[in-house]
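Here the structure comes first, spelled out in structure tokens, and everything after it is commentary.
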There are 4 protein chains.
Amino acid sequence: MKSIRTLKEKKDTAILLIHCPDRQGILATVTEFLNRNNGNIIYLDQHVDRQEMTFYMRVEWELEGFTIPRDKIGDYFATLIAVPLEMTWKLFFSEEVQRMALFVSEMPHCLFDILSRYTAGEWDVEIPLVVSNHRRLEPVAQRFNIPFHHFPLTPENKAAQEAAELELLAAQRIDFVVLARYMQILSPAFISRYPNRIINIHHSFLPAFAGARPYHAAHQRGVKIIGATSHYVNGELDAGPIIEQDVTRCSHVDTVENLVRKGRDLEKIVLSQAVFKHLQHKVLVYRNRTVVFN
Amino acid sequence: MKSIRTLKEKKDTAILLIHCPDRQGILATVTEFLNRNNGNIIYLDQHVDRQEMTFYMRVEWELEGFTIPRDKIGDYFATLIAVPLEMTWKLFFSEEVQRMALFVSEMPHCLFDILSRYTAGEWDVEIPLVVSNHRRLEPVAQRFNIPFHHFPLTPENKAAQEAAELELLAAQRIDFVVLARYMQILSPAFISRYPNRIINIHHSFLPAFAGARPYHAAHQRGVKIIGATSHYVNGELDAGPIIEQDVTRCSHVDTVENLVRKGRDLEKIVLSQAVFKHLQHKVLVYRNRTVVFN
Amino acid sequence: MKSIRTLKEKKDTAILLIHCPDRQGILATVTEFLNRNNGNIIYLDQHVDRQEMTFYMRVEWELEGFTIPRDKIGDYFATLIAVPLEMTWKLFFSEEVQRMALFVSEMPHCLFDILSRYTAGEWDVEIPLVVSNHRRLEPVAQRFNIPFHHFPLTPENKAAQEAAELELLAAQRIDFVVLARYMQILSPAFISRYPNRIINIHHSFLPAFAGARPYHAAHQRGVKIIGATSHYVNGELDAGPIIEQDVTRCSHVDTVENLVRKGRDLEKIVLSQAVFKHLQHKVLVYRNRTVVFN
Amino acid sequence: MKSIRTLKEKKDTAILLIHCPDRQGILATVTEFLNRNNGNIIYLDQHVDRQEMTFYMRVEWELEGFTIPRDKIGDYFATLIAVPLEMTWKLFFSEEVQRMALFVSEMPHCLFDILSRYTAGEWDVEIPLVVSNHRRLEPVAQRFNIPFHHFPLTPENKAAQEAAELELLAAQRIDFVVLARYMQILSPAFISRYPNRIINIHHSFLPAFAGARPYHAAHQRGVKIIGATSHYVNGELDAGPIIEQDVTRCSHVDTVENLVRKGRDLEKIVLSQAVFKHLQHKVLVYRNRTVVFN
């Protein structure tokens with residue numbers, strides 16, 4: 001598509017995501033470190049889980065004027081702050097545009113929603129490829145000018161196909177994977193290559209109705225509200241850390257088909273909201289739960 | 001409490017709740033029967049489940065001017081309409097004020113909400129008694145002038161105490177029972193005496209987190225939304241027909257204690273909304289699901 | 001786009017939308033008329049506004065086996081039922097696929113959402129054209145293979161351009177118009193050609209923040225919830241009959257830019273839900289309000 | 001009522017609410033000040049409005065072990081931190097239980113909800129009095145053992161009665177006032193005595209339907225969602241800083257009476273949530289908007 005994409009000019013910033021055992025003075029130490037080196041903080045959010053005695057933080061500051069060179073920030077921070085305070089941390093730079101792979105099967109609504117946002121410039125991301133076990137959505141990817149890779153799957157070829165997919169992702173320097181209604185279960189081997197970097201959308205309000213055919217199960221149970229859940233994929237089916245959930249009302253007049261239709265709108269919005277949070281480095285995973293900064 | 005209760009003057013009406021196999025002309029047959037006998041319909045709602053091929057209906061009409069005497073309506077309707085059309089039906093009269101028993105344990109928020117509505121005249125109901133396995137809420141019942149009956153429970157005395165409770169309910173001509181955070185499991189024998197006439201509030205978005213300590217489980221799972229569910233009690237724990245559900249957002253900043261606090265507001269509103277629907281004869285149970293008319 | 005569109009096979013049905021002064025027996029009369037002529041009713045919903053003493057109804061039945069020929073149904077119904085009962089009514093046939101015109105300006109999110117649903121086969125509709133006062137979204141329309149018509153507007157040429165637009169709509173036999181973030185005010189002359197057949201999306205929870213820049217106004221007022229409203233366009237700005245509304249939470253941390261971003265998701269879903277209701281002939285306008293059947 | 005009130009044992013803490021022009025290092029300065037004096041921070045939340053260049057903060061720390069004596073904290077903080085950084089600030093101590101006055105007229109639902117929470121020990125507050133311009137709710141206050149003061153109002157006696165009310169509030173050392181559906185407009189003179197310390201509940205989603213009879217107006221406009229808004233009272237009707245809002249769906253089937261009934265549940269929950277936030281010193285007013293900390 002001839003691009004209508006015009007991203008907002010963004011500032012050149014660094015982002016730290018941190019968690020560590022809580023103790024007095026962590027916040028003062030980190031902010032003082034940034035201030036002393038002339039880092040203008042433009043975002044700071046922190047949370048203390050007092051039950052777990054764990055401190056969580058996301059801080060973002062402008063690199064312009066910051067006295068520590070970009071390629072040394074990690075070293076300095078590790079030595080001066082992170083090691084003494086036993087921190088687990090990640091450092092990101094806003095200029096590094098992330099690369100996302102999309103996995104789909106036959107339902108197009110999440111794919112359309114993501115490619116529309118991408119094309120409209122809502123997200124600062126690259127999408128170098130769409131992977132599918134079917135050919136049905138190839139025309140969608142083509143018209144948004146995204147290369148489409150078909151990996152048909154059988155029980156026999158699954159290991160080989162996943163290996164080929166991983167090779168493709170590596171060659172394309174993919175940072176994270178979005179399962180946009182991808183109706184296959186990834187192997188533990190695949191998942192372990194992208195820990196907390198594969199985002200799935202499940203079409204129910206988890207943990208209710210995990211597994212197959214959740215709308216049928218919801219109809220059968222007679223619930224008055226249905227939902228959708230986006231989560232990171234871990235080794236256990238539909239049990240990874242939840243990033244975002246949303247719900248909508250239903251009633252006795254809704255057939256399964258109606259629930260599927262209402263659910264589509266939930267699924268695409270919930271998935272896209274989770275992807276947007278991930279893109280902003282605002283999701284921190286700890287003990288199978290997420291801290292999602294504002 | 002000196003009464004501030006002033007119920008709206010209500011019309012003298014009859015209400016039919018019907019379900020039957022769907023076929024052509026049911027609606028016309030019923031409405032024609034009422035019209036022919038000069039019944040002014042003031043409420044009509046119907047639903048056809050086309051998968052189950054089942055017809056559901058709630059119709060309410062004024063008794064003033066209706067040519068069939070009140071005490072013969074059931075007979076006439078059965079003979080002329082219900083038997084030929086294989087209907088399951090119930091007939092209610094608005095002048096018959098229902099009698100509700102409240103079962104509580106130690107948490108007062110649902111009890112306060114129900115007794116406040118009762119005292120304020122929001123509901124047209126009688127509440128002749130509160131039953132509890134604890135004494136803690138006795139002062140609440142007393143100050144609303146509702147007789148409080150204490151049935152302490154042990155594994156040994158449970159059968160005998162339930163028998164005594166049933167006797168009390170029968171003596172008080174109780175129509176239905178509301179479990180307002182009653183933390184005991186009723187025996188199948190007890191439940192079978194009030195089929196689809198015992199309303200419970202469960203402090204989760206069922207079927208997620210059935211059973212004990214749902215807020216702890218929700219916190220552990222890291223959900224982003226919590227809920228509450230009111231349902232009729234059947235023999236299976238937290239598995240009866242759902243009447244009403246509602247939810248509210250939570251996040252990583254919410255401790256279990258916060259979830260409990262937020263949940264209290266959900267629980268009391270969801271339970272009271274379910275009771276209100278039941279009082280209006282707007283809930284029809286079919287195959288462990290409910291039709292809840294508007 | 002190579003089509004991935006596969007619409008569900010639909011039944012050949014007729015749909016009546018009715019409103020009239022309430023009186024005894026309307027429902028029986030209509031359903032009996034359909035039953036007597038062997039019409040299998042597959043949808044019926046009705047509502048009585050007892051304050052206005054007005055009866056509203058939507059009924060849908062299968063044409064297969066119906067004894068009145070399709071092209072005589074209107075005549076028969078008018079003569080036998082509608083005239084005696086003083087009904088205002090419309091008759092639709094499911095086989096008549098409606099034709100929708102899309103008007104846009106520069107924001108693509110609603111356009112993408114609608115064209116995605118169209119392409120995915122969610123809606124049974126034809127979209128023969130996109131009209132815009134800008135060229136920015138031309139590539140979007142092109143890639144979905146929808147003819148794009150550019151009508152640049154100035155205060156001087158507005159009347160002439162609107163006349164040209166109306167001519168185009170007439171030539172294309174357009175049934176209704178969707179303003180998908182079209183940032184121009186249509187003239188009364190234009191609106192009068194499509195009464196209750198122009199659907200707009202306003203980016204606020206009307207009647208709050210009518211007019212320009214509602215997100216700025218919402219931010220200024222410090223609201224804790226923002227919304228979006230789809231409505232039929234009448235002569236008065238943002239004051240037409242409301243079809244659908246939805247809201248989402250915001251807080252002090254949300255900048256105007258955040259509100260705009262959150263609002264986009266609301267706007268596209270609310271507009272599409274309103275269009276879907278309209279497509280199903282489930283919206284009935286009466287005294288600047290809507291009855292929206294389930 | 002014989003008390004069932006058992007408040008959780010609470011820690012002895014100090015709370016600072018701060019806003020000031022944003023600049024580098026504020027957060028570090030404040031947290032370092034607390035850490036240096038051995039203050040164990042148990043809550044910290046901050047927000048920077050980058051458009052207004054204003055910094056907002058709520059911090060709470062344990063007094064046990066804090067090296068500055070309680071009665072000198074204000075002095076020290078002012079001299080060492082607040083004056084140099086041009087801060088506006090307030091200091092609170094958790095041991096100082098706030099005293100709340102309730103103003104009501106004839107509708108009991110908000111009064112019941114607040115007194116129920118008070119009696120159940122949900123809130124750490126004292127309620128020494130209920131004021132009303134009617135006698136209708138006197139029995140409610142009596143049964144919760146709260147002194148009831150009747151101030152009948154006429155246009156002629158309003159100034160005198162307000163003066164008497166203010167005298168009563170002063171004598172009772174009232175910290176803040178809650179208008180729990182109080183249907184009188186307070187004079188500017190009254191309001192100026194409790195700036196941002198009078199909380200009102202308005203029965204609409206403000207700014208829509210300010211003023212009288214909002215449910216009638218909502219019905220007339222045909223909205224699909226109704227709401228309630230709690231806000232601080234300032235001199236302008238229904239225009240003060242918003243603390244909390246919530247909404248619920250409605251439809252064409254809802255009469256004005258239904259809207260009133262649904263609205264009651266919204267009103268009482270929204271008002272109580274606002275009061276709870278205020279009690280925790282989590283609401284900060286700035287330029288007619290609120291920062292509401294989590």
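Going through the structure tokens in order, the chains are called A, B, and so on, while each chain numbers its residues from 1 and the ligands are numbered from 1 in the order shown.
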Review point. Pro188 of chain B: which residues within 10 Å, counting only C-alpha atoms, same-chain residues fewer than 2 positions away excluded, as a VMD selection string?
Key: chain B and resid 185 to 186 190 to 193 233 to 236
N, CA and C atoms of the current selection, written as a PDB file, in the first residue's frame:
```
ATOM      1  N   ILE B 185     -21.893 -24.904  52.889  1.00  0.00           N
ATOM      2  CA  ILE B 185     -22.464 -25.595  51.733  1.00  0.00           C
ATOM      3  C   ILE B 185     -23.733 -26.304  52.169  1.00  0.00           C
ATOM      4  N   LEU B 186     -24.838 -25.977  51.504  1.00  0.00           N
ATOM      5  CA  LEU B 186     -26.108 -26.614  51.843  1.00  0.00           C
ATOM      6  C   LEU B 186     -26.123 -28.048  51.322  1.00  0.00           C
ATOM      7  N   PHE B 190     -31.452 -30.206  51.459  1.00  0.00           N
ATOM      8  CA  PHE B 190     -31.942 -28.841  51.668  1.00  0.00           C
ATOM      9  C   PHE B 190     -32.251 -28.191  50.314  1.00  0.00           C
ATOM     10  N   ILE B 191     -31.302 -28.295  49.412  1.00  0.00           N
ATOM     11  CA  ILE B 191     -31.453 -27.632  48.113  1.00  0.00           C
ATOM     12  C   ILE B 191     -32.687 -28.128  47.378  1.00  0.00           C
ATOM     13  N   SER B 192     -32.950 -29.426  47.488  1.00  0.00           N
ATOM     14  CA  SER B 192     -34.061 -30.011  46.722  1.00  0.00           C
ATOM     15  C   SER B 192     -35.411 -29.476  47.190  1.00  0.00           C
ATOM     16  N   ARG B 193     -35.428 -28.868  48.377  1.00  0.00           N
ATOM     17  CA  ARG B 193     -36.696 -28.302  48.865  1.00  0.00           C
ATOM     18  C   ARG B 193     -36.986 -26.943  48.232  1.00  0.00           C
ATOM     19  N   VAL B 233     -28.753 -22.051  43.320  1.00  0.00           N
ATOM     20  CA  VAL B 233     -27.971 -23.154  43.864  1.00  0.00           C
ATOM     21  C   VAL B 233     -28.570 -24.470  43.382  1.00  0.00           C
ATOM     22  N   ASN B 234     -27.713 -25.275  42.777  1.00  0.00           N
ATOM     23  CA  ASN B 234     -28.149 -26.646  42.497  1.00  0.00           C
ATOM     24  C   ASN B 234     -27.209 -27.581  43.258  1.00  0.00           C
ATOM     25  N   GLY B 235     -27.206 -28.847  42.953  1.00  0.00           N
ATOM     26  CA  GLY B 235     -26.434 -29.785  43.777  1.00  0.00           C
ATOM     27  C   GLY B 235     -24.932 -29.646  43.633  1.00  0.00           C
ATOM     28  N   GLU B 236     -24.470 -28.948  42.580  1.00  0.00           N
ATOM     29  CA  GLU B 236     -23.039 -28.929  42.307  1.00  0.00           C
ATOM     30  C   GLU B 236     -22.454 -27.572  42.709  1.00  0.00           C
TER      31      GLU B 236
END
```
Check your understanding: Quick one: which residues from chain B are at most 6 Å off chain A, using only C-alpha atoms, as a list in words?
Key ->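 Applying the cut-off to the listed atoms yields Pro207, Ala208, Gly222, Lys224, Gln245, His252, Arg289 and Val291 of chain B.
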Exercise for review: Determine which residues of segment 71-188 of chain B receive a DSSP assignment of strand (DSSP E or B), computed from the backbone, and state them as a PyMOL selection string.
Suggested key: chain B and resi 88-93+98-104+125-132+148-150+176-179
Review point. What is the atom CA of Asp238 of chain B-atom CA of His281 of chain B distance in Å, reported with one decimal?
Key: 22.4 Å
Exercise for review: Kindly indicate which residue among B:Glu156, B:Val130, B:Ser116, B:Met100 lies nearest to Arg143 of chain D, using only C-alpha atoms for the distances.
Suggested key: B:Ser116
Review point. Within 10 Å of Arg264 of chain A, counting only C-alpha atoms, which residues qualify if same-chain residues fewer than 4 places away don't, as a ChimeraX atom specification?
Key: /A:107-110,203,228,258-260,268-270
Review point. Please, which residues of segment 80-207 of chain B, numbered as in this document, come out alpha helix (DSSP H) from DSSP, as a PyMOL selection string?
Key: chain B and resi 109-120+138-143+158-171+188-193
Practice item. Kindly give the distance, in Å, that separates atom CA of Arg36 of chain D and atom CA of Val59 of chain D, rounded to a single decimal. Key: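 Rounded to one decimal, the two atoms are 15.1 Å apart.
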